[in-house]
Amino acid sequence: MIKIKISEIAALVKGIISGNENAEINSVARIEDASPGSLTFLYLPAFEKYFLSTKASAILVKTGFNKTRNDITYIEVDHPEKAFASIVIHFFTPDISLSGIDKSAFIHESVSIGKNAAIGKNVIISSGCKIGDNVKIFHNSVLLENVEVGSGSIIYHNVSIRENCRLGKRVILHCGSVIGSDGFGYTTDENGNYNKIPQLGNVILEDDVEIGANATVDRAALGSTLVKKGVKIDNLVQIAHNVTVGENTVMSGQAGVSGSTNIGKNCILAGQVGVAGHLEIADEVILLAQAGVSKSIPKSGLYFGSPAKEVKIARRIEAHIRSLPDYSERIKNLEAELLKLKEQLAKNKS
Amino acid sequence: MIKIKISEIAALVKGIISGNENAEINSVARIEDASPGSLTFLYLPAFEKYFLSTKASAILVKTGFNKTRNDITYIEVDHPEKAFASIVIHFFTPDISLSGIDKSAFIHESVSIGKNAAIGKNVIISSGCKIGDNVKIFHNSVLLENVEVGSGSIIYHNVSIRENCRLGKRVILHCGSVIGSDGFGYTTDENGNYNKIPQLGNVILEDDVEIGANATVDRAALGSTLVKKGVKIDNLVQIAHNVTVGENTVMSGQAGVSGSTNIGKNCILAGQVGVAGHLEIADEVILLAQAGVSKSIPKSGLYFGSPAKEVKIARRIEAHIRSLPDYSERIKNLEAELLKLKEQLAKNKS
Amino acid sequence: MIKIKISEIAALVKGIISGNENAEINSVARIEDASPGSLTFLYLPAFEKYFLSTKASAILVKTGFNKTRNDITYIEVDHPEKAFASIVIHFFTPDISLSGIDKSAFIHESVSIGKNAAIGKNVIISSGCKIGDNVKIFHNSVLLENVEVGSGSIIYHNVSIRENCRLGKRVILHCGSVIGSDGFGYTTDENGNYNKIPQLGNVILEDDVEIGANATVDRAALGSTLVKKGVKIDNLVQIAHNVTVGENTVMSGQAGVSGSTNIGKNCILAGQVGVAGHLEIADEVILLAQAGVSKSIPKSGLYFGSPAKEVKIARRIEAHIRSLPDYSERIKNLEAELLKLKEQLAKNKS
């Protein structure tokens with residue numbers, strides 16, 4: 001079992017220890033679930049109720065926290081949740097269980113495979129593929145021809161990658177994701193029948209891209225659908241053909257981007273956001289959940305609603321919408337008052 | 001071929017037979033498709049047009065139905081559609097075709113497998129898994145380490161289950177569903193790069209949970225993502241890390257719930273509903289299709305819209321919104337009238 | 001390498017050549033990426049900036065285009081983008097790499113397989129299936145019992161098809177799609193528990209239907225979920241049980257249709273559209289992105305919003321909504337003015 005000294009942990013996050021600094025922890029846990037040997041953390045007031053009863057051996061708290069218990073070791077930091085995340089990343093990143101090349105995997109003779117790569121059961125790697133060092137490809141995943149996978153990448157099980165797609169280094173593809181399916185492109189004839197336009201391009205996922213479970217990234221009609229360095233994409237997201245997603249942009253579950261749209265860098269698309277095709281979205285645009293974008297967004301900022309508006313405007317309009325029953329009443333009153341005035345005036349005159 | 005006496009059927013649903021009670025039926029069908037030997041049902045007025053021509057041998061109708069045909073056997077009940085469902089459940093639940101343990105399945109030597117379990121082709125069951133009695137796991141599904149599957153569960157093909165997840169009894173996972181993929185959790189550094197936080201928890205699906213095709217349930221960062229007893233989840237639904245879904249809650253296609261939200265019991269989330277993270281949704285909350293929930297909902301009721309409002313309020317506001325062209329016109333009229341009055345008053349004065 | 005004469009290309013699209021009509025092209029490319037030997041096209045003004053620098057050997061342009069370069073061959077047509085698509089379809093439709101029946105595929109002895117069919121690795125084809133001529137089924141896809149696949153169909157990898165479903169000719173199923181999963185149907189008992197209603201029907205996909213990556217089409221409770229000739233369905237779309245989709249209807253990414261709804265022919269459902277259950281949607285209805293349809297739509301036209309309205313009305317209402325701050329101000333002014341008037345009148349009187 002892993003054993004880490006409190007002093008090591010405090011050093012990593014530049015925290016101040018109160019209590020036994022030779023104590024050791026063997027796990028991390030939520031404050032309500034923690035058991036002896038665990039490190040936990042407290043930063044939201046809603047969780048303070050668990051402080052007196054938590055069984056954790058050590059706790060990350062905000063500097064100045066009221067340390068009423070003596071049977072727990074405190075580490076004081078400015079941001080307990082960030083410090084906790086750093087500790088988890090540093091000490092508790094789990095090993096990936098896969099190792100070796102399973103004899104049930106089908107690997108075409110033309111494939112090059114790097115050092116320490118691990119290939120699971122029934123994996124299919126077609127001709128011309130290049131697999132980098134330390135890559136792990138889990139069971140039942142399929143790579144068609146000429147796929148390149150950069151070193152350190154992890155492909156979980158039941159993943160599908162179509163021909164000619166390229167993955168950078170340290171890319172993660174979660175279960176069931178599909179990379180390089182055909183873009184949705186057709187011409188119509190005079191009878192309303194659709195004829196499929198061959199999708200001749202590919203998908204490029206740059207370094208450190210992560211693609212969620214059952215998410216889909218379509219290949220370009222021509223050229224590449226391009227997901228740049230550091231982009232993180234959540235489950236069930238759809239990226240259409242010829243989209244470009246800028247560096248370090250994040251898309252939450254069930255968001256979707258239509259064909260040929262360019263999304264800037266450092267953007268955030270929250271859950272179920274939709275962006276129409278052929279648009280330009282600037283850098284550092286934040287689209288709140290369920291926003292629907294039908295026009296290009298040339299400047300950074302927060303946007304909300306369908307059709308999406310700047311959040312300041314959207315919130316003001318939302319407040320006005322909630323006031324509509326009141327406005328309606330006031331219009332009615334005004335009409336009644338005005339009528340009375342007119343009658344009064346008519347009477348005065350006569 | 002299956003043969004069931006009308007008298008047996010009527011007994012199950014406490015119905016009154018008019019016609020041949022020794023007749024037998026061999027199938028169930030929609031009124032418009034039925035053939036001789038079938039039982040059908042009629043409850044919606046829109047389907048009455050099929051009554052005179054249906055070829056069914058027997059029909060479930062509402063008590064007091066006008067029985068104008070003599071060549072069909074009637075079973076009168078209070079709720080024909082519910083009675084029909086009970087009959088289908090009781091007499092027509094199909095056998096699941098899978099049986100035996102296929103020799104192409106990879107089952108680690110440490111795995112325990114219950115009585116009568118059926119394991120399909122190319123299934124992969126990793127070390128430490130426990131498979132209960134009568135479980136059926138279809139072709140090409142993958143279970144990573146230490147997954148537990150309770151007795152009577154059915155896992156269809158191409159399903160992915162990550163390590164340490166636990167399924168209760170009689171759980172059904174439809175094709176392509178993913179259980180236990182990583183939660184979407186990152187820290188950012190000063191340059192806007194995202195660093196992945198290891199997702200150390202698991203997913204627990206309690207007894208009688210059903211998960212739709214290509215739906216995804218993420219593992220917890222710490223602790224468990226918890227889907228309680230009797231929850232039914234439709235296709236392409238996303239459940240994020242550390243969500244709890246209360247007993248007997250139902251989520252329709254493409255609904256999504258963000259991280260750490262607690263959904264109460266006996267709730268209904270209709271299609272494409274989105275619920276933001278870190279919220280508390282009370283028991284017996286019904287969210288109508290496409291509702292977007294950004295705040296906790298502390299009391300049961302119907303909610304609609306994005307942002308979601310109580311349905312009574314949402315409908316009133318929607319009516320006001322539809323009246324906006326009228327309101328605008330009336331404001332314009334008021335302004336004109338007022339101007340006229342002021343002019344008149346000014347004239348009177350002079 | 002493929003080599004095609006400019007004269008052949010011009011003949012196909014009835015274009016007028018300016019420049020070397022004996023020139024040959026070997027590829028197609030976007031104007032910004034083109035290399036010598038490529039044919040490209042120009043129709044959007046936004047791309048004119050690339051005209052002077054493109055390395056393409058030939059370019060499709062609109063009739064009357066200002067041909068300022070002498071080192072490129074022009075083909076003038078009325079619709080460059082349509083002409084380009086026709087050329088890609090005619091000359092550049094890629095070969096599908098799969099051929100032969102892989103020895104790792106499991107094909108039940110009762111299965112009939114047509115001429116020239118190709119079956120990939122680890123494919124599972126259960127008893128009673130019928131596979132037509134020239135069908136291609138990629139690696140790790142699973143067909144349960146009695147599935148029929150019409151000639152010329154392509155099933156990509158990791159596709160799941162449940163028992164008794166029927167695919168017409170030239171159907172394309174993209175990676176991860178699920179055909180015939182159980183419809184979402186339950187009865188409730190007095191305690192709020194849900195009991196699953198067996199889903200006894202199937203799915204019929206008629207000729208020339210295309211289903212996107214990770215899209216799902218549920219089987220009918222009774223009868224068939226029916227997707228008619230020429231329907232094109234994009235990634236992550238959900239089609240519920242007993243839905244009918246009319247000929248040549250198109251559904252973009254993440255759209256969803258609930259149970260028992262009939263969609264007409266030649267409709268377009270844009271991205272993230274949702275249609276509730278038991279509705280009738282007329283032919284030639286266009287639903288703009290994120291529209292939410294809760295009532296039947298009896299006449300063709302454009303619809304937008306949630307709840308969906310005719311686009312003309314929706315746009316007018318949207319304009320009014322954006323004017324709400326102004327309306328609110330004007331109501332306030334009217335009230336103030338009216339008050340002043342009343343005071344003035346009262347003063348006049350006294």
# chains A, B, ... in the order shown; residues from 1 in each chain; ligands from 1
>>> residues_around(residues="A:Thr225", least_positions_apart="3", cutoff="7 Å", atoms="only C-alpha atoms", output="list in words")
Asn202, Val203, Ile204, Arg219, Ala220, His241, Asn242, Val243 and Thr244 of chain A
>>> write_last_selection(atoms="N, CA, C and O atoms", output="compact mmCIF listing (two decimals), in the first residue's frame")
# COMPACT_ATOMS: atom_id res chain seq x y z
N ASN A 202 -9.47 14.07 -43.10
CA ASN A 202 -9.22 13.25 -41.91
C ASN A 202 -9.51 14.07 -40.65
O ASN A 202 -10.10 15.15 -40.72
N VAL A 203 -9.12 13.52 -39.51
CA VAL A 203 -9.19 14.24 -38.23
C VAL A 203 -7.78 14.32 -37.67
O VAL A 203 -7.05 13.32 -37.70
N ILE A 204 -7.41 15.48 -37.17
CA ILE A 204 -6.15 15.62 -36.43
C ILE A 204 -6.48 16.03 -35.00
O ILE A 204 -7.14 17.06 -34.77
N ARG A 219 -14.58 13.27 -39.83
CA ARG A 219 -13.49 13.62 -40.73
C ARG A 219 -13.92 14.77 -41.64
O ARG A 219 -15.11 14.99 -41.86
N ALA A 220 -12.96 15.50 -42.17
CA ALA A 220 -13.24 16.61 -43.07
C ALA A 220 -13.64 16.09 -44.45
O ALA A 220 -13.25 14.99 -44.85
N HIS A 241 -17.66 17.90 -39.52
CA HIS A 241 -16.53 17.95 -40.46
C HIS A 241 -15.98 19.36 -40.64
O HIS A 241 -16.72 20.33 -40.66
N ASN A 242 -14.68 19.42 -40.76
CA ASN A 242 -13.98 20.68 -41.04
C ASN A 242 -14.08 21.72 -39.94
O ASN A 242 -13.75 22.89 -40.15
N VAL A 243 -14.49 21.31 -38.77
CA VAL A 243 -14.44 22.21 -37.61
C VAL A 243 -12.98 22.36 -37.16
O VAL A 243 -12.19 21.42 -37.30
N THR A 244 -12.64 23.54 -36.65
CA THR A 244 -11.37 23.72 -35.94
C THR A 244 -11.68 24.15 -34.51
O THR A 244 -12.49 25.05 -34.30
>>> interface_residues(of="chain C", to="chain B", cutoff="8 Å", atoms="only C-alpha atoms", output="VMD selection string")
chain C and resid 122 124 140 142 158 to 160 176 178 181 to 182 184 187 192 to 194 196 to 198 200 214 to 216 222 to 223 236 238 254 256 258 274 276 292 306 316 to 317 320 to 321 327 330 to 331 334 338 341
>>> atom_distance(atom1="atom CA of C:Ser112", atom2="atom CA of C:Cys129")
6.7 Å
>>> select_by_dssp(residues="stretch 199-273 of chain A", states="strand (DSSP E)", output="list of chain:residue names")
A:Asn202, A:Val203, A:Ile204, A:Leu205, A:Glu210, A:Ile211, A:Thr216, A:Val217, A:Asp218, A:Ser224, A:Thr225, A:Leu226, A:Val227, A:Lys232, A:Ile233, A:Gln238, A:Ile239, A:Thr244, A:Val245, A:Val250, A:Met251, A:Gly256, A:Val257, A:Asn262, A:Ile263, A:Ile268, A:Leu269
>>> write_last_selection(atoms="N, CA and C atoms", output="PDB file, in the first residue's frame")
ATOM      1  N   ASN A 202      -9.470  14.070 -43.098  1.00  0.00           N
ATOM      2  CA  ASN A 202      -9.224  13.250 -41.914  1.00  0.00           C
ATOM      3  C   ASN A 202      -9.506  14.071 -40.652  1.00  0.00           C
ATOM      4  N   VAL A 203      -9.117  13.522 -39.510  1.00  0.00           N
ATOM      5  CA  VAL A 203      -9.193  14.241 -38.230  1.00  0.00           C
ATOM      6  C   VAL A 203      -7.784  14.317 -37.671  1.00  0.00           C
ATOM      7  N   ILE A 204      -7.410  15.480 -37.172  1.00  0.00           N
ATOM      8  CA  ILE A 204      -6.148  15.619 -36.431  1.00  0.00           C
ATOM      9  C   ILE A 204      -6.476  16.035 -34.997  1.00  0.00           C
ATOM     10  N   LEU A 205      -6.058  15.214 -34.060  1.00  0.00           N
ATOM     11  CA  LEU A 205      -6.177  15.572 -32.635  1.00  0.00           C
ATOM     12  C   LEU A 205      -4.756  15.878 -32.163  1.00  0.00           C
ATOM     13  N   GLU A 210      -8.267  15.320 -25.048  1.00  0.00           N
ATOM     14  CA  GLU A 210      -9.018  14.225 -24.430  1.00  0.00           C
ATOM     15  C   GLU A 210     -10.426  14.225 -25.004  1.00  0.00           C
ATOM     16  N   ILE A 211     -10.903  13.047 -25.403  1.00  0.00           N
ATOM     17  CA  ILE A 211     -12.223  12.922 -26.042  1.00  0.00           C
ATOM     18  C   ILE A 211     -13.077  11.982 -25.193  1.00  0.00           C
ATOM     19  N   THR A 216     -18.118  11.979 -30.752  1.00  0.00           N
ATOM     20  CA  THR A 216     -17.833  11.723 -32.164  1.00  0.00           C
ATOM     21  C   THR A 216     -17.147  12.933 -32.803  1.00  0.00           C
ATOM     22  N   VAL A 217     -16.123  12.670 -33.582  1.00  0.00           N
ATOM     23  CA  VAL A 217     -15.429  13.733 -34.323  1.00  0.00           C
ATOM     24  C   VAL A 217     -15.376  13.302 -35.786  1.00  0.00           C
ATOM     25  N   ASP A 218     -16.098  14.004 -36.643  1.00  0.00           N
ATOM     26  CA  ASP A 218     -16.171  13.618 -38.055  1.00  0.00           C
ATOM     27  C   ASP A 218     -14.935  14.052 -38.837  1.00  0.00           C
ATOM     28  N   SER A 224      -8.630  18.786 -43.042  1.00  0.00           N
ATOM     29  CA  SER A 224      -8.706  18.135 -41.735  1.00  0.00           C
ATOM     30  C   SER A 224      -9.701  18.806 -40.800  1.00  0.00           C
ATOM     31  N   THR A 225     -10.414  18.003 -40.044  1.00  0.00           N
ATOM     32  CA  THR A 225     -11.077  18.487 -38.843  1.00  0.00           C
ATOM     33  C   THR A 225      -9.981  18.556 -37.794  1.00  0.00           C
ATOM     34  N   LEU A 226      -9.823  19.714 -37.154  1.00  0.00           N
ATOM     35  CA  LEU A 226      -8.622  19.955 -36.359  1.00  0.00           C
ATOM     36  C   LEU A 226      -8.973  20.311 -34.910  1.00  0.00           C
ATOM     37  N   VAL A 227      -8.525  19.471 -33.990  1.00  0.00           N
ATOM     38  CA  VAL A 227      -8.743  19.727 -32.564  1.00  0.00           C
ATOM     39  C   VAL A 227      -7.370  20.004 -31.972  1.00  0.00           C
ATOM     40  N   LYS A 232     -10.179  19.695 -24.312  1.00  0.00           N
ATOM     41  CA  LYS A 232     -10.815  18.637 -23.535  1.00  0.00           C
ATOM     42  C   LYS A 232     -12.285  18.559 -23.939  1.00  0.00           C
ATOM     43  N   ILE A 233     -12.711  17.397 -24.387  1.00  0.00           N
ATOM     44  CA  ILE A 233     -14.071  17.205 -24.891  1.00  0.00           C
ATOM     45  C   ILE A 233     -14.742  16.111 -24.071  1.00  0.00           C
ATOM     46  N   GLN A 238     -20.517  16.214 -30.175  1.00  0.00           N
ATOM     47  CA  GLN A 238     -20.404  16.013 -31.627  1.00  0.00           C
ATOM     48  C   GLN A 238     -19.594  17.160 -32.236  1.00  0.00           C
ATOM     49  N   ILE A 239     -18.538  16.785 -32.937  1.00  0.00           N
ATOM     50  CA  ILE A 239     -17.729  17.755 -33.692  1.00  0.00           C
ATOM     51  C   ILE A 239     -17.866  17.380 -35.164  1.00  0.00           C
ATOM     52  N   THR A 244     -12.636  23.539 -36.650  1.00  0.00           N
ATOM     53  CA  THR A 244     -11.367  23.717 -35.942  1.00  0.00           C
ATOM     54  C   THR A 244     -11.676  24.151 -34.514  1.00  0.00           C
ATOM     55  N   VAL A 245     -11.053  23.495 -33.548  1.00  0.00           N
ATOM     56  CA  VAL A 245     -11.233  23.871 -32.143  1.00  0.00           C
ATOM     57  C   VAL A 245      -9.881  24.358 -31.628  1.00  0.00           C
ATOM     58  N   VAL A 250     -12.579  23.891 -23.950  1.00  0.00           N
ATOM     59  CA  VAL A 250     -13.231  22.815 -23.213  1.00  0.00           C
ATOM     60  C   VAL A 250     -14.691  22.731 -23.644  1.00  0.00           C
ATOM     61  N   MET A 251     -15.180  21.504 -23.906  1.00  0.00           N
ATOM     62  CA  MET A 251     -16.596  21.327 -24.259  1.00  0.00           C
ATOM     63  C   MET A 251     -17.222  20.286 -23.354  1.00  0.00           C
ATOM     64  N   GLY A 256     -22.414  20.438 -29.168  1.00  0.00           N
ATOM     65  CA  GLY A 256     -22.230  20.064 -30.563  1.00  0.00           C
ATOM     66  C   GLY A 256     -21.809  21.256 -31.407  1.00  0.00           C
ATOM     67  N   VAL A 257     -20.935  21.007 -32.365  1.00  0.00           N
ATOM     68  CA  VAL A 257     -20.467  22.069 -33.259  1.00  0.00           C
ATOM     69  C   VAL A 257     -20.678  21.601 -34.703  1.00  0.00           C
ATOM     70  N   ASN A 262     -15.157  27.570 -36.858  1.00  0.00           N
ATOM     71  CA  ASN A 262     -13.897  27.702 -36.114  1.00  0.00           C
ATOM     72  C   ASN A 262     -14.175  28.209 -34.720  1.00  0.00           C
ATOM     73  N   ILE A 263     -13.778  27.433 -33.731  1.00  0.00           N
ATOM     74  CA  ILE A 263     -13.909  27.837 -32.329  1.00  0.00           C
ATOM     75  C   ILE A 263     -12.537  28.316 -31.877  1.00  0.00           C
ATOM     76  N   ILE A 268     -14.980  28.006 -23.475  1.00  0.00           N
ATOM     77  CA  ILE A 268     -15.697  26.985 -22.707  1.00  0.00           C
ATOM     78  C   ILE A 268     -17.088  26.844 -23.302  1.00  0.00           C
ATOM     79  N   LEU A 269     -17.422  25.649 -23.773  1.00  0.00           N
ATOM     80  CA  LEU A 269     -18.787  25.351 -24.197  1.00  0.00           C
ATOM     81  C   LEU A 269     -19.393  24.462 -23.117  1.00  0.00           C
TER      82      LEU A 269
END
>>> atom_distance(atom1="atom CA of A:Gly114", atom2="atom CA of A:Asn134")
6.9 Å
>>> residues_around(residues="A:Leu279", least_positions_apart="3", cutoff="8 Å", atoms="only C-alpha atoms", output="ChimeraX atom specification")
/A:260-262,275-276,294-297
>>> atom_distance(atom1="atom CA of A:Glu206", atom2="atom CA of A:Val273")
22.9 Å
